[in-house]
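One file, my_file_27.cif, is given below (mmCIF, C-alpha atoms and all ligand atoms).
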data_entry
#
loop_
_atom_site.label_atom_id
_atom_site.label_comp_id
_atom_site.auth_asym_id
_atom_site.auth_seq_id
_atom_site.Cartn_x
_atom_site.Cartn_y
_atom_site.Cartn_z
CA MET O 25 98.66 91.34 61.30
CA TYR O 26 98.18 92.54 64.85
CA LYS O 27 96.68 90.24 67.45
CA THR O 28 93.14 91.09 68.52
CA VAL O 29 91.89 92.07 71.96
CA HIS O 30 88.15 91.39 72.41
CA LEU O 31 86.35 93.53 74.96
CA LYS O 32 83.52 92.42 77.19
CA LYS O 33 80.03 93.47 76.18
CA GLY O 34 79.37 97.15 76.91
CA LYS O 35 83.03 97.92 77.62
CA GLU O 36 83.61 99.79 74.36
CA GLU O 37 81.93 102.96 75.59
CA SER O 38 84.97 104.88 76.83
CA LEU O 39 86.87 104.18 73.60
CA GLY O 40 83.84 105.57 71.78
CA ARG O 41 84.54 108.80 73.67
CA PHE O 42 88.21 108.66 72.60
CA HIS O 43 89.52 107.90 76.06
CA PRO O 44 92.90 106.33 75.23
CA TRP O 45 93.11 103.53 77.81
CA VAL O 46 91.68 100.00 77.99
CA PHE O 47 91.66 98.62 81.53
CA SER O 48 92.46 94.95 82.02
CA GLY O 49 89.01 94.31 83.53
CA ALA O 50 87.35 95.31 80.25
CA ILE O 51 89.03 92.52 78.28
CA HIS O 52 87.08 89.36 77.49
CA HIS O 53 89.85 87.48 75.71
CA ILE O 54 92.85 87.95 73.43
CA ASP O 55 93.53 85.98 70.25
CA GLY O 56 96.93 84.39 70.74
CA THR O 57 99.52 85.63 73.23
CA PRO O 58 100.96 89.02 72.28
CA GLU O 59 104.24 90.06 73.85
CA GLU O 60 104.24 93.03 76.20
CA GLY O 61 104.71 96.17 74.13
CA ASP O 62 103.19 94.68 70.95
CA VAL O 63 100.67 96.65 68.94
CA VAL O 64 97.21 95.04 69.17
CA ARG O 65 93.79 95.70 67.61
CA VAL O 66 90.94 96.24 70.03
CA VAL O 67 87.42 95.15 69.02
CA SER O 68 84.03 95.23 70.72
CA ALA O 69 82.17 92.11 71.88
CA ASP O 70 80.42 92.00 68.50
CA GLY O 71 83.73 92.25 66.62
CA ARG O 72 83.59 95.94 65.64
CA PHE O 73 87.01 97.63 65.29
CA LEU O 74 87.69 100.23 68.00
CA ALA O 75 91.38 101.08 68.21
CA VAL O 76 95.00 100.02 67.87
CA GLY O 77 97.43 100.41 70.73
CA HIS O 78 100.28 99.04 72.83
CA ILE O 79 99.49 96.15 75.13
CA GLN O 80 101.07 95.78 78.55
CA ILE O 81 100.58 93.78 81.74
CA GLY O 82 98.92 95.93 84.38
CA SER O 83 95.70 97.74 85.10
CA ILE O 84 96.02 99.87 81.95
CA ALA O 85 96.22 96.97 79.50
CA VAL O 86 96.14 98.88 76.21
CA ARG O 87 97.28 102.44 75.51
CA VAL O 88 95.60 103.61 72.33
CA LEU O 89 97.71 104.97 69.49
CA SER O 90 94.93 105.37 66.95
CA PHE O 91 91.19 105.04 66.65
CA GLU O 92 91.69 104.18 62.99
CA ASP O 93 92.62 100.74 61.72
CA ILE O 94 96.17 101.64 60.70
CA THR O 95 99.66 100.18 60.83
CA ILE O 96 102.01 101.70 63.37
CA ASP O 97 105.16 102.35 61.36
CA LYS O 98 107.76 105.06 60.97
CA SER O 99 105.38 107.31 59.06
CA PHE O 100 102.88 107.07 61.93
CA TRP O 101 105.55 108.29 64.37
CA GLN O 102 106.57 111.02 61.95
CA GLN O 103 103.02 112.30 61.62
CA ARG O 104 102.37 112.36 65.36
CA LEU O 105 105.71 114.01 66.14
CA ALA O 106 105.22 116.58 63.39
CA ALA O 107 101.75 117.34 64.78
CA ALA O 108 103.24 117.80 68.25
CA TYR O 109 105.88 120.12 66.82
CA ASP O 110 103.19 122.15 65.02
CA VAL O 111 101.37 122.68 68.31
CA ARG O 112 104.59 123.99 69.89
CA LYS O 113 105.05 126.38 67.00
CA SER O 114 101.60 127.79 67.75
CA ILE O 115 102.38 128.04 71.44
CA PHE O 116 105.69 129.81 70.86
CA PRO O 117 105.11 132.04 67.82
CA GLN O 118 108.49 133.65 68.31
CA TRP O 119 110.10 130.34 67.60
CA LYS O 120 112.56 131.08 64.88
CA ASN O 121 113.08 128.63 62.10
CA GLN O 122 115.75 126.02 62.61
CA LYS O 123 116.51 127.19 66.11
CA SER O 124 115.21 125.71 69.30
CA GLU O 125 114.89 129.13 70.79
CA ILE O 126 111.58 130.34 72.07
CA GLY O 127 110.47 132.99 74.45
CA ASN O 128 110.63 136.64 74.81
CA GLN O 129 112.55 137.94 71.75
CA ASN O 130 116.15 137.22 72.71
CA SER O 131 116.28 139.26 75.88
CA ASN O 132 115.02 136.34 77.95
CA PRO O 133 115.27 133.32 75.68
CA THR O 134 114.06 129.81 76.48
CA ASN O 135 115.33 126.68 74.77
CA ALA O 136 113.84 124.05 77.07
CA PHE O 137 110.34 122.83 76.34
CA ARG O 138 108.22 119.71 76.12
CA LEU O 139 107.71 118.40 72.61
CA VAL O 140 105.61 115.33 73.47
CA HIS O 141 103.33 115.07 76.46
CA GLY O 142 101.95 111.52 76.33
CA GLU O 143 98.19 111.32 75.87
CA GLY O 144 98.07 115.09 75.34
CA ASP O 145 99.88 114.53 72.05
CA GLY O 146 98.19 111.27 71.09
CA LEU O 147 101.27 109.32 72.19
CA PRO O 148 100.40 107.62 75.50
CA GLY O 149 103.48 106.45 77.34
CA LEU O 150 105.91 108.81 75.63
CA VAL O 151 107.51 112.01 76.90
CA ILE O 152 110.06 114.07 74.98
CA ASP O 153 111.69 117.21 76.35
CA VAL O 154 114.02 119.34 74.28
CA TYR O 155 117.00 121.08 75.90
CA ASP O 156 118.87 123.27 73.49
CA ARG O 157 120.14 120.83 70.81
CA THR O 158 119.29 117.66 72.73
CA ALA O 159 115.98 115.81 72.93
CA VAL O 160 115.52 113.61 75.98
CA MET O 161 113.06 110.82 75.36
CA GLN O 162 111.36 108.87 78.12
CA ALA O 163 109.14 105.79 77.80
CA HIS O 164 106.46 105.17 80.40
CA SER O 165 105.12 102.10 78.59
CA VAL O 166 106.76 98.95 77.28
CA GLY O 167 105.40 99.64 73.81
CA MET O 168 107.18 102.99 73.59
CA HIS O 169 110.34 101.34 74.89
CA VAL O 170 110.16 98.66 72.22
CA SER O 171 109.58 101.33 69.53
CA ARG O 172 112.25 103.73 70.78
CA ARG O 173 114.64 103.38 67.84
CA GLU O 174 111.90 103.88 65.26
CA ILE O 175 110.64 106.89 67.20
CA ALA O 176 114.16 108.34 67.41
CA ASP O 177 114.57 107.96 63.62
CA ALA O 178 111.29 109.78 63.03
CA LEU O 179 112.18 112.44 65.60
CA ALA O 180 115.55 113.11 63.96
CA GLU O 181 113.71 113.83 60.71
CA VAL O 182 110.99 115.99 62.24
CA LEU O 183 113.48 118.06 64.27
CA ASP O 184 116.16 118.11 61.58
CA GLY O 185 118.30 121.21 62.09
CA ILE O 186 116.84 121.83 65.55
CA VAL O 187 118.19 118.89 67.50
CA ASP O 188 121.48 116.98 67.04
CA ASN O 189 121.26 114.57 69.96
CA ILE O 190 118.60 112.19 71.19
CA TYR O 191 119.12 110.73 74.64
CA TYR O 192 116.94 107.87 75.80
CA LYS O 193 116.29 107.81 79.52
CA SER O 194 113.95 105.19 80.89
CA GLU O 195 115.81 103.47 83.68
CA THR O 196 113.66 105.17 86.27
CA THR O 197 110.34 104.72 84.49
CA LEU O 198 110.85 101.19 83.17
CA ALA O 199 113.61 99.82 85.36
CA TYR O 200 113.23 96.20 84.38
CA LYS O 201 112.81 96.63 80.63
CA ALA O 202 115.44 99.32 80.25
CA SER O 203 118.11 97.36 82.09
CA GLU O 204 117.30 94.27 80.04
CA ASP O 205 118.69 95.80 76.90
CA GLY O 206 121.31 98.37 77.55
CA GLY O 207 119.56 101.00 79.68
CA ASN O 208 119.92 104.72 79.16
CA GLY O 209 121.99 106.13 76.33
CA PHE O 210 122.22 108.28 73.23
CA LEU O 211 120.21 107.05 70.24
CA LYS O 212 121.60 109.91 68.11
CA GLY O 213 124.62 112.15 68.63
CA GLY O 214 126.46 111.99 71.92
CA LEU O 215 128.13 113.81 74.76
CA ALA O 216 130.61 115.44 72.43
CA THR O 217 127.88 117.56 70.82
CA ALA O 218 125.40 117.78 73.69
CA SER O 219 125.74 120.74 76.02
CA ASP O 220 124.18 120.05 79.38
CA ILE O 221 123.26 123.70 79.84
CA ALA O 222 119.83 124.93 78.77
CA VAL O 223 118.17 128.32 79.13
CA GLU O 224 114.76 129.19 80.55
CA ASN O 225 113.57 132.77 80.43
CA GLY O 226 117.20 133.83 80.22
CA LEU O 227 118.32 131.80 83.23
CA LYS O 228 120.85 129.02 82.67
CA PHE O 229 120.73 125.60 84.24
CA HIS O 230 122.51 122.27 83.99
CA VAL O 231 120.20 119.51 82.80
CA ASP O 232 121.09 116.34 84.60
CA TRP O 233 119.79 113.93 81.98
CA LEU O 234 122.47 111.37 82.80
CA GLY O 235 121.61 110.98 86.47
CA GLY O 236 118.69 113.29 87.19
CA GLN O 237 114.98 112.83 87.72
CA LYS O 238 112.41 112.80 84.93
CA THR O 239 114.13 114.00 81.77
CA GLY O 240 116.63 116.03 83.82
CA PHE O 241 114.64 119.17 84.58
CA PHE O 242 111.04 120.10 85.38
CA VAL O 243 110.08 122.22 82.40
CA ASP O 244 106.46 122.14 83.59
CA GLN O 245 107.14 124.81 86.24
CA ARG O 246 108.48 127.40 83.76
CA GLU O 247 105.56 129.84 83.95
CA ASN O 248 105.05 129.33 87.67
CA ARG O 249 108.70 130.15 88.27
CA ALA O 250 108.29 133.34 86.25
CA LEU O 251 105.32 134.26 88.44
CA LEU O 252 107.37 133.60 91.56
CA GLU O 253 110.02 136.00 90.32
CA ARG O 254 107.43 138.80 90.46
CA TYR O 255 106.73 138.10 94.14
CA SER O 256 110.34 137.80 95.27
CA GLN O 257 111.48 141.40 95.74
CA GLY O 258 112.83 141.88 99.26
CA ARG O 259 111.53 138.55 100.50
CA LYS O 260 113.17 135.75 102.46
CA VAL O 261 112.54 132.68 100.36
CA LEU O 262 112.44 128.99 101.21
CA ASN O 263 112.46 126.75 98.14
CA MET O 264 111.45 123.38 99.55
CA PHE O 265 111.91 120.32 97.27
CA CYS O 266 114.14 122.50 95.14
CA TYR O 267 115.56 119.71 92.91
CA THR O 268 118.13 121.58 90.78
CA GLY O 269 117.08 125.00 92.03
CA GLY O 270 114.60 126.16 89.38
CA PHE O 271 112.55 128.41 91.65
CA SER O 272 115.65 129.59 93.52
CA PHE O 273 117.35 131.38 90.68
CA TYR O 274 114.13 133.08 89.62
CA ALA O 275 113.71 134.32 93.19
CA MET O 276 117.26 135.66 93.14
CA ARG O 277 116.71 137.50 89.89
CA GLY O 278 113.47 138.84 91.34
CA GLY O 279 115.41 140.56 94.10
CA ALA O 280 114.93 138.21 97.06
CA GLU O 281 116.81 139.15 100.20
CA LEU O 282 117.85 135.55 100.81
CA VAL O 283 117.04 132.21 99.21
CA HIS O 284 117.34 128.85 100.97
CA SER O 285 117.04 125.74 98.82
CA VAL O 286 116.27 122.37 100.41
CA ASP O 287 116.13 118.88 98.89
CA SER O 288 116.79 115.44 100.33
CA SER O 289 118.98 114.51 97.37
CA SER O 290 122.58 115.67 97.78
CA ARG O 291 123.13 115.31 94.04
CA ALA O 292 120.26 117.74 93.45
CA ILE O 293 121.74 120.15 96.00
CA ASP O 294 125.15 120.02 94.28
CA ILE O 295 123.52 120.91 90.95
CA THR O 296 121.45 123.64 92.62
CA ARG O 297 124.66 125.23 93.88
CA ALA O 298 126.24 124.91 90.44
CA ASN O 299 123.16 126.47 88.81
CA VAL O 300 123.11 129.42 91.18
CA GLU O 301 126.83 129.89 90.51
CA LEU O 302 126.15 129.79 86.77
CA ASN O 303 123.67 132.67 86.98
CA PHE O 304 124.80 134.61 90.05
CA PRO O 305 128.48 133.86 90.66
CA GLY O 306 129.57 134.49 94.22
CA ASP O 307 126.12 135.69 95.33
CA ALA O 308 125.97 135.25 99.09
CA ARG O 309 122.17 135.44 99.29
CA HIS O 310 121.83 131.73 98.51
CA GLU O 311 122.31 128.69 100.75
CA ALA O 312 121.42 125.09 99.95
CA TYR O 313 120.76 122.20 102.33
CA ALA O 314 120.52 118.47 101.64
CA GLU O 315 117.90 117.55 104.20
CA ASP O 316 114.52 115.90 104.61
CA ALA O 317 111.67 118.37 104.13
CA PHE O 318 109.76 117.51 107.27
CA LYS O 319 112.90 117.67 109.43
CA TYR O 320 113.85 121.04 107.99
CA LEU O 321 110.34 122.46 108.40
CA ASP O 322 110.33 121.31 112.02
CA ARG O 323 113.66 122.82 112.93
CA MET O 324 113.49 126.05 110.91
CA GLY O 325 112.52 129.38 112.43
CA ASP O 326 109.86 131.78 111.26
CA GLN O 327 112.03 134.00 109.08
CA TYR O 328 110.54 133.07 105.68
CA ASP O 329 107.87 135.17 104.00
CA LEU O 330 107.87 133.34 100.68
CA ILE O 331 107.74 129.55 100.71
CA ILE O 332 107.60 127.15 97.79
CA LEU O 333 106.40 123.60 98.36
CA ASP O 334 106.81 121.47 95.25
CA PRO O 335 106.97 117.90 96.53
CA PRO O 336 107.31 114.77 94.39
CA ALA O 337 104.08 112.92 93.52
CA PHE O 338 102.89 111.63 96.89
CA ALA O 339 100.45 109.24 95.18
CA LYS O 340 101.47 107.33 92.09
CA HIS O 341 98.43 105.02 92.26
CA LYS O 342 94.79 105.40 93.23
CA ASP O 343 95.13 103.25 96.37
CA ALA O 344 97.75 105.63 97.74
CA LEU O 345 95.39 108.62 97.50
CA ARG O 346 94.35 108.77 101.17
CA ASN O 347 97.92 108.76 102.44
CA ALA O 348 98.93 111.28 99.81
CA LEU O 349 96.23 113.72 100.90
CA MET O 350 97.35 113.35 104.47
CA GLY O 351 100.91 114.08 103.31
CA TYR O 352 99.85 117.29 101.53
CA ARG O 353 97.86 118.36 104.57
CA LYS O 354 100.76 117.83 106.97
CA LEU O 355 103.28 119.49 104.72
CA ASN O 356 101.16 122.57 104.11
CA ALA O 357 100.19 122.79 107.78
CA LYS O 358 103.88 123.15 108.65
CA ALA O 359 104.29 125.99 106.18
CA PHE O 360 101.17 127.79 107.46
CA GLU O 361 102.46 127.42 111.00
CA LYS O 362 105.76 129.14 110.31
CA ILE O 363 105.32 131.55 107.42
CA ARG O 364 105.55 135.25 108.38
CA PRO O 365 102.40 137.36 108.41
CA GLY O 366 101.91 138.79 104.93
CA GLY O 367 103.74 135.76 103.55
CA ILE O 368 103.18 134.12 100.19
CA LEU O 369 102.96 130.36 99.78
CA PHE O 370 103.40 128.67 96.41
CA THR O 371 102.11 125.14 96.95
CA PHE O 372 101.91 122.35 94.37
CA SER O 373 100.85 118.80 93.70
CA CYS O 374 102.01 116.89 90.65
CA SER O 375 100.21 113.60 91.43
CA GLN O 376 97.94 112.70 88.56
CA VAL O 377 95.51 110.80 90.79
CA VAL O 378 95.06 113.79 93.11
CA THR O 379 92.35 116.01 91.64
CA LYS O 380 92.24 119.78 91.87
CA ASP O 381 89.47 119.46 94.46
CA ASN O 382 91.36 116.84 96.49
CA PHE O 383 94.38 119.09 96.62
CA ARG O 384 92.41 122.16 97.57
CA THR O 385 90.66 120.33 100.36
CA ALA O 386 94.01 119.17 101.74
CA VAL O 387 95.41 122.71 101.65
CA PHE O 388 92.19 124.21 103.07
CA THR O 389 92.25 121.77 105.96
CA ALA O 390 95.89 122.63 106.64
CA ALA O 391 95.04 126.34 106.63
CA ALA O 392 92.14 125.82 109.01
CA MET O 393 94.34 123.79 111.34
CA SER O 394 96.78 126.69 111.54
CA GLY O 395 94.02 129.22 112.23
CA ARG O 396 95.61 131.67 109.77
CA ARG O 397 93.59 133.82 107.37
CA VAL O 398 94.45 132.66 103.88
CA ARG O 399 93.49 133.98 100.45
CA ILE O 400 94.02 132.44 97.03
CA LEU O 401 95.86 134.80 94.71
CA HIS O 402 96.52 132.47 91.78
CA GLN O 403 95.49 129.00 90.68
CA LEU O 404 98.24 127.39 88.69
CA THR O 405 98.60 124.49 86.34
CA GLN O 406 100.98 123.15 83.71
CA PRO O 407 102.02 125.25 80.70
CA ALA O 408 100.69 124.86 77.16
CA ASP O 409 103.54 122.64 76.02
CA HIS O 410 102.01 120.06 78.39
CA PRO O 411 98.61 119.96 76.65
CA VAL O 412 95.65 117.99 77.98
CA SER O 413 93.53 115.95 75.60
CA ILE O 414 89.94 116.90 76.27
CA TYR O 415 89.12 113.18 76.18
CA HIS O 416 91.75 112.43 78.82
CA PRO O 417 91.24 114.90 81.67
CA GLU O 418 93.67 112.84 83.81
CA GLY O 419 96.41 114.53 81.77
CA GLU O 420 95.97 117.68 83.85
CA TYR O 421 98.36 116.63 86.59
CA LEU O 422 100.01 119.80 87.90
CA LYS O 423 98.02 121.84 90.39
CA GLY O 424 99.24 124.85 92.28
CA LEU O 425 97.93 127.58 94.54
CA VAL O 426 99.52 130.89 95.39
CA LEU O 427 98.26 131.90 98.81
CA TYR O 428 98.47 135.09 100.82
CA VAL O 429 98.80 134.26 104.49
CA GLU O 430 97.92 136.96 107.02
N1 LIG V 501 110.66 122.31 92.31
C1 LIG V 501 111.57 121.52 91.50
C2 LIG V 501 111.04 120.13 91.25
C3 LIG V 501 110.76 119.31 92.48
S1 LIG V 501 110.75 117.59 92.23
C4 LIG V 501 111.88 122.27 90.21
O1 LIG V 501 111.31 123.35 89.98
O2 LIG V 501 112.70 121.80 89.43
C5 LIG V 501 110.65 116.96 93.83
C6 LIG V 501 111.96 116.96 94.62
O3 LIG V 501 111.67 116.54 95.95
C7 LIG V 501 113.05 116.02 94.12
O4 LIG V 501 114.20 116.74 93.82
C8 LIG V 501 113.31 115.05 95.30
O5 LIG V 501 114.69 114.76 95.48
C9 LIG V 501 112.81 115.85 96.47
N2 LIG V 501 112.37 115.09 97.64
C10 LIG V 501 111.68 113.93 97.67
N3 LIG V 501 111.38 113.59 98.93
C11 LIG V 501 111.90 114.55 99.73
C12 LIG V 501 111.91 114.78 101.14
N4 LIG V 501 111.33 113.92 101.99
N5 LIG V 501 112.52 115.89 101.60
C13 LIG V 501 113.10 116.77 100.76
N6 LIG V 501 113.11 116.60 99.43
C14 LIG V 501 112.52 115.51 98.91
#
For the structure just supplied, provide its representation as structure tokens.
Amino acid sequence: MYKTVHLKKGKEESLGRFHPWVFSGAIHHIDGTPEEGDVVRVVSADGRFLAVGHIQIGSIAVRVLSFEDITIDKSFWQQRLAAAYDVRKSIFPQWKNQKSEIGNQNSNPTNAFRLVHGEGDGLPGLVIDVYDRTAVMQAHSVGMHVSRREIADALAEVLDGIVDNIYYKSETTLAYKASEDGGNGFLKGGLATASDIAVENGLKFHVDWLGGQKTGFFVDQRENRALLERYSQGRKVLNMFCYTGGFSFYAMRGGAELVHSVDSSSRAIDITRANVELNFPGDARHEAYAEDAFKYLDRMGDQYDLIILDPPAFAKHKDALRNALMGYRKLNAKAFEKIRPGGILFTFSCSQVVTKDNFRTAVFTAAAMSGRRVRILHQLTQPADHPVSIYHPEGEYLKGLVLYVE
């Protein structure tokens, strides 16, 4: 039987609205001493059952797995993963049976997508991205880490015939726990069967799941990259914070005159070069630089008329919000200062704690500081395979603006 977490009086309200987190301040007491990552039952001050979820030390004390009084076992994981898969089949109707190939009827196939998006799929703390025949699984909570083998077993059944390999990658999200028992590694299959090349809208890229960030690629920018392609014809493009070059190869296919990719990580720059080579061998339009963004923006000239700014999350916690907003303002101000008249700026924030309004205000302030006339052409967000639970609006983390700068 699961140990019980008793809430303080009146603190059951948000669970009543299906918000999937219990903050530590809402807890009155816990029966016994559960281990981090254990499943617990949450009850109201008057003993009424509310939810079951994973407990963890920290401000989010319980991440809810179910609002029903159930046992979390392999069949639970199977049901949730199958439900997530069903949603993806609705999103990608072209998805052919037994083939992880989605997208525009063969001519521009995609086989990289998100299967599980944490709270958006009723699985707080879990992310699973699929790259061709390999699923990369990432735990953001101790409970998901503890359950990883059971989840992998369920996943292998749900994606039978679609995926052969399951790679677990949580050293960056749960450094301490992951290193305690073996770290990153394959839970199913292995390097012999896993190709590290995936395809997005017909463009190939190496997925650096062994050493890369997140699950190895940022699938969340897929549609925004496709939009960028449409704006690239004849333009001089700066892809700032390029990681492995996602936006760069779309710009090249879109007919850009030149594309410069910049990232502070030299490993990312090496993979960017390899990815460009994979799609456009010997194409002299592309150059890549391993350099700090602010240094590059300071020293660069004013040749660019299409700039992408896709920085890492500047604020990972609420207390860092003020500094983060200052960071976005400074960064965007530099782009407004130097972009050519008639230029297009794709600017993003992926910090969950930065709201759409926060981000806009930061960008507006930067625009005003530069004195340029700026119009919003598009307002961007994450694609449908990163769904947002309506009860957990915090799940909408990616915000982007496409701006026309006179
Ligand atoms: N646009 C990318 C994802 C960007 S992730 C894509 O479409 O795939 C953010 C990137 O910013 C990471 O690759 C990280 O290495 C890089 N980065 C972090 N701090 C930086 C800095 N100060 N200067 C330049 N790059 C930085």
For this session: Can you pull out every residue within 12 Å of O:Tyr313, counting only C-alpha atoms, but drop anything in the same chain fewer than 4 positions away, and send it as an MDAnalysis selection string?
Result: chainID O and resid 262:269 283:297 317 319:320 324
Next, write the just-selected residues to a file, as a PDB file, keeping the file's coordinate frame, keeping C-alpha atoms as the atom set.
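What landed in result07.pdb:
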ATOM      1  CA  LEU O 262     112.440 128.990 101.210  1.00  0.00           C
ATOM      2  CA  ASN O 263     112.460 126.750  98.140  1.00  0.00           C
ATOM      3  CA  MET O 264     111.450 123.380  99.550  1.00  0.00           C
ATOM      4  CA  PHE O 265     111.910 120.320  97.270  1.00  0.00           C
ATOM      5  CA  CYS O 266     114.140 122.500  95.140  1.00  0.00           C
ATOM      6  CA  TYR O 267     115.560 119.710  92.910  1.00  0.00           C
ATOM      7  CA  THR O 268     118.130 121.580  90.780  1.00  0.00           C
ATOM      8  CA  GLY O 269     117.080 125.000  92.030  1.00  0.00           C
ATOM      9  CA  VAL O 283     117.040 132.210  99.210  1.00  0.00           C
ATOM     10  CA  HIS O 284     117.340 128.850 100.970  1.00  0.00           C
ATOM     11  CA  SER O 285     117.040 125.740  98.820  1.00  0.00           C
ATOM     12  CA  VAL O 286     116.270 122.370 100.410  1.00  0.00           C
ATOM     13  CA  ASP O 287     116.130 118.880  98.890  1.00  0.00           C
ATOM     14  CA  SER O 288     116.790 115.440 100.330  1.00  0.00           C
ATOM     15  CA  SER O 289     118.980 114.510  97.370  1.00  0.00           C
ATOM     16  CA  SER O 290     122.580 115.670  97.780  1.00  0.00           C
ATOM     17  CA  ARG O 291     123.130 115.310  94.040  1.00  0.00           C
ATOM     18  CA  ALA O 292     120.260 117.740  93.450  1.00  0.00           C
ATOM     19  CA  ILE O 293     121.740 120.150  96.000  1.00  0.00           C
ATOM     20  CA  ASP O 294     125.150 120.020  94.280  1.00  0.00           C
ATOM     21  CA  ILE O 295     123.520 120.910  90.950  1.00  0.00           C
ATOM     22  CA  THR O 296     121.450 123.640  92.620  1.00  0.00           C
ATOM     23  CA  ARG O 297     124.660 125.230  93.880  1.00  0.00           C
ATOM     24  CA  ALA O 317     111.670 118.370 104.130  1.00  0.00           C
ATOM     25  CA  LYS O 319     112.900 117.670 109.430  1.00  0.00           C
ATOM     26  CA  TYR O 320     113.850 121.040 107.990  1.00  0.00           C
ATOM     27  CA  MET O 324     113.490 126.050 110.910  1.00  0.00           C
TER      28      MET O 324
END
Exercise. Separation of atom CA of O:Val429 and atom CA of O:Thr385, in Å?
Worked result: 16.7 Å
For this session: Just give me the gap between atom CA of O:Tyr274 and atom CA of O:Leu227 in Å, one decimal is fine.
Result: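 Here the two named atoms are 7.7 Å from each other.
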Seminar exercise, completed: Min atom-atom distance to ligand LIG 501 (chain V) from the set O:Phe388, O:Phe271, O:Phe91, O:Tyr155, counting all atoms listed in the file, belongs to O:Phe271
Exercise. In Å, how far is it from atom CA of O:Ala280 to atom CA of O:Ala337?
Worked result: 27.7 Å
For stretch 75-86 of chain O, what centre and edge lengths in Å (one decimal) does the axis-aligned box get once 8 Å is added on each side of all its listed atoms, as lines of an AutoDock Vina configuration file?
center_x = 96.2
center_y = 97.4
center_z = 76.5
size_x = 25.7
size_y = 23.3
size_z = 33.2
Give as a CSV table (one decimal) with C-alpha atoms, in the coordinates of the input every residue, naming chains and numbers as the document does, that has an atom within 7 Å of (95.3, 108.3, 81.1), counting only C-alpha atoms.
chain,number,residue,atom,x,y,z
O,44,PRO,CA,92.9,106.3,75.2
O,45,TRP,CA,93.1,103.5,77.8
O,143,GLU,CA,98.2,111.3,75.9
O,416,HIS,CA,91.8,112.4,78.8
O,418,GLU,CA,93.7,112.8,83.8
O,419,GLY,CA,96.4,114.5,81.8
Exercise. Skipping near chain neighbours, those fewer than 3 positions away, what residues fall within 8 Å of O:Tyr191 using all atoms listed in the file, listed as a list in words?
Worked result: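 Non-adjacent residues within range: Thr158, Ala159, Val160, Met161, Asn208, Gly209, Phe210, Leu211, Lys212 and Gly214 of chain O.
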Exercise. Using only C-alpha atoms and all ligand atoms, which residue out of O:Asp244, O:Glu430, O:Asp153, O:Glu281 lies closest to ligand LIG 501 (chain V)?
Worked result: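 The closest residue to ligand LIG 501 (chain V) is O:Asp244.
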Exercise. Can you list, as a VMD selection string, every protein, DNA or RNA residue that comes within 6 Å of stretch 390-407 of chain O when you count all atoms listed in the file, leaving out same-chain residues fewer than 3 positions away?
Worked result: chain O and resid 244 353 356 to 357 361 387 410 422 to 430
Those same residues, written as a short mmCIF file (atom, residue, chain, number, x, y, z; two decimals), in the frame of the given file with C-alpha atoms?
data_model
loop_
_atom_site.label_atom_id
_atom_site.label_comp_id
_atom_site.auth_asym_id
_atom_site.auth_seq_id
_atom_site.Cartn_x
_atom_site.Cartn_y
_atom_site.Cartn_z
CA ASP O 244 106.46 122.14 83.59
CA ARG O 353 97.86 118.36 104.57
CA ASN O 356 101.16 122.57 104.11
CA ALA O 357 100.19 122.79 107.78
CA GLU O 361 102.46 127.42 111.00
CA VAL O 387 95.41 122.71 101.65
CA HIS O 410 102.01 120.06 78.39
CA LEU O 422 100.01 119.80 87.90
CA LYS O 423 98.02 121.84 90.39
CA GLY O 424 99.24 124.85 92.28
CA LEU O 425 97.93 127.58 94.54
CA VAL O 426 99.52 130.89 95.39
CA LEU O 427 98.26 131.90 98.81
CA TYR O 428 98.47 135.09 100.82
CA VAL O 429 98.80 134.26 104.49
CA GLU O 430 97.92 136.96 107.02
#
Problem set entry | For ligand LIG 501 (chain V), the nearest of the candidates O:Gln245, O:Asn299, O:Thr371, O:Thr379, counting only C-alpha atoms and all ligand atoms |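 That would be O:Gln245, the residue with the smallest distance to ligand LIG 501 (chain V).
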Problem set entry | Nearest-residue call for O:Glu224, choices O:Ser83, O:Asn303, O:Ser90, O:Ser413, using only C-alpha atoms |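 Of all the options, O:Asn303 lies closest to O:Glu224.
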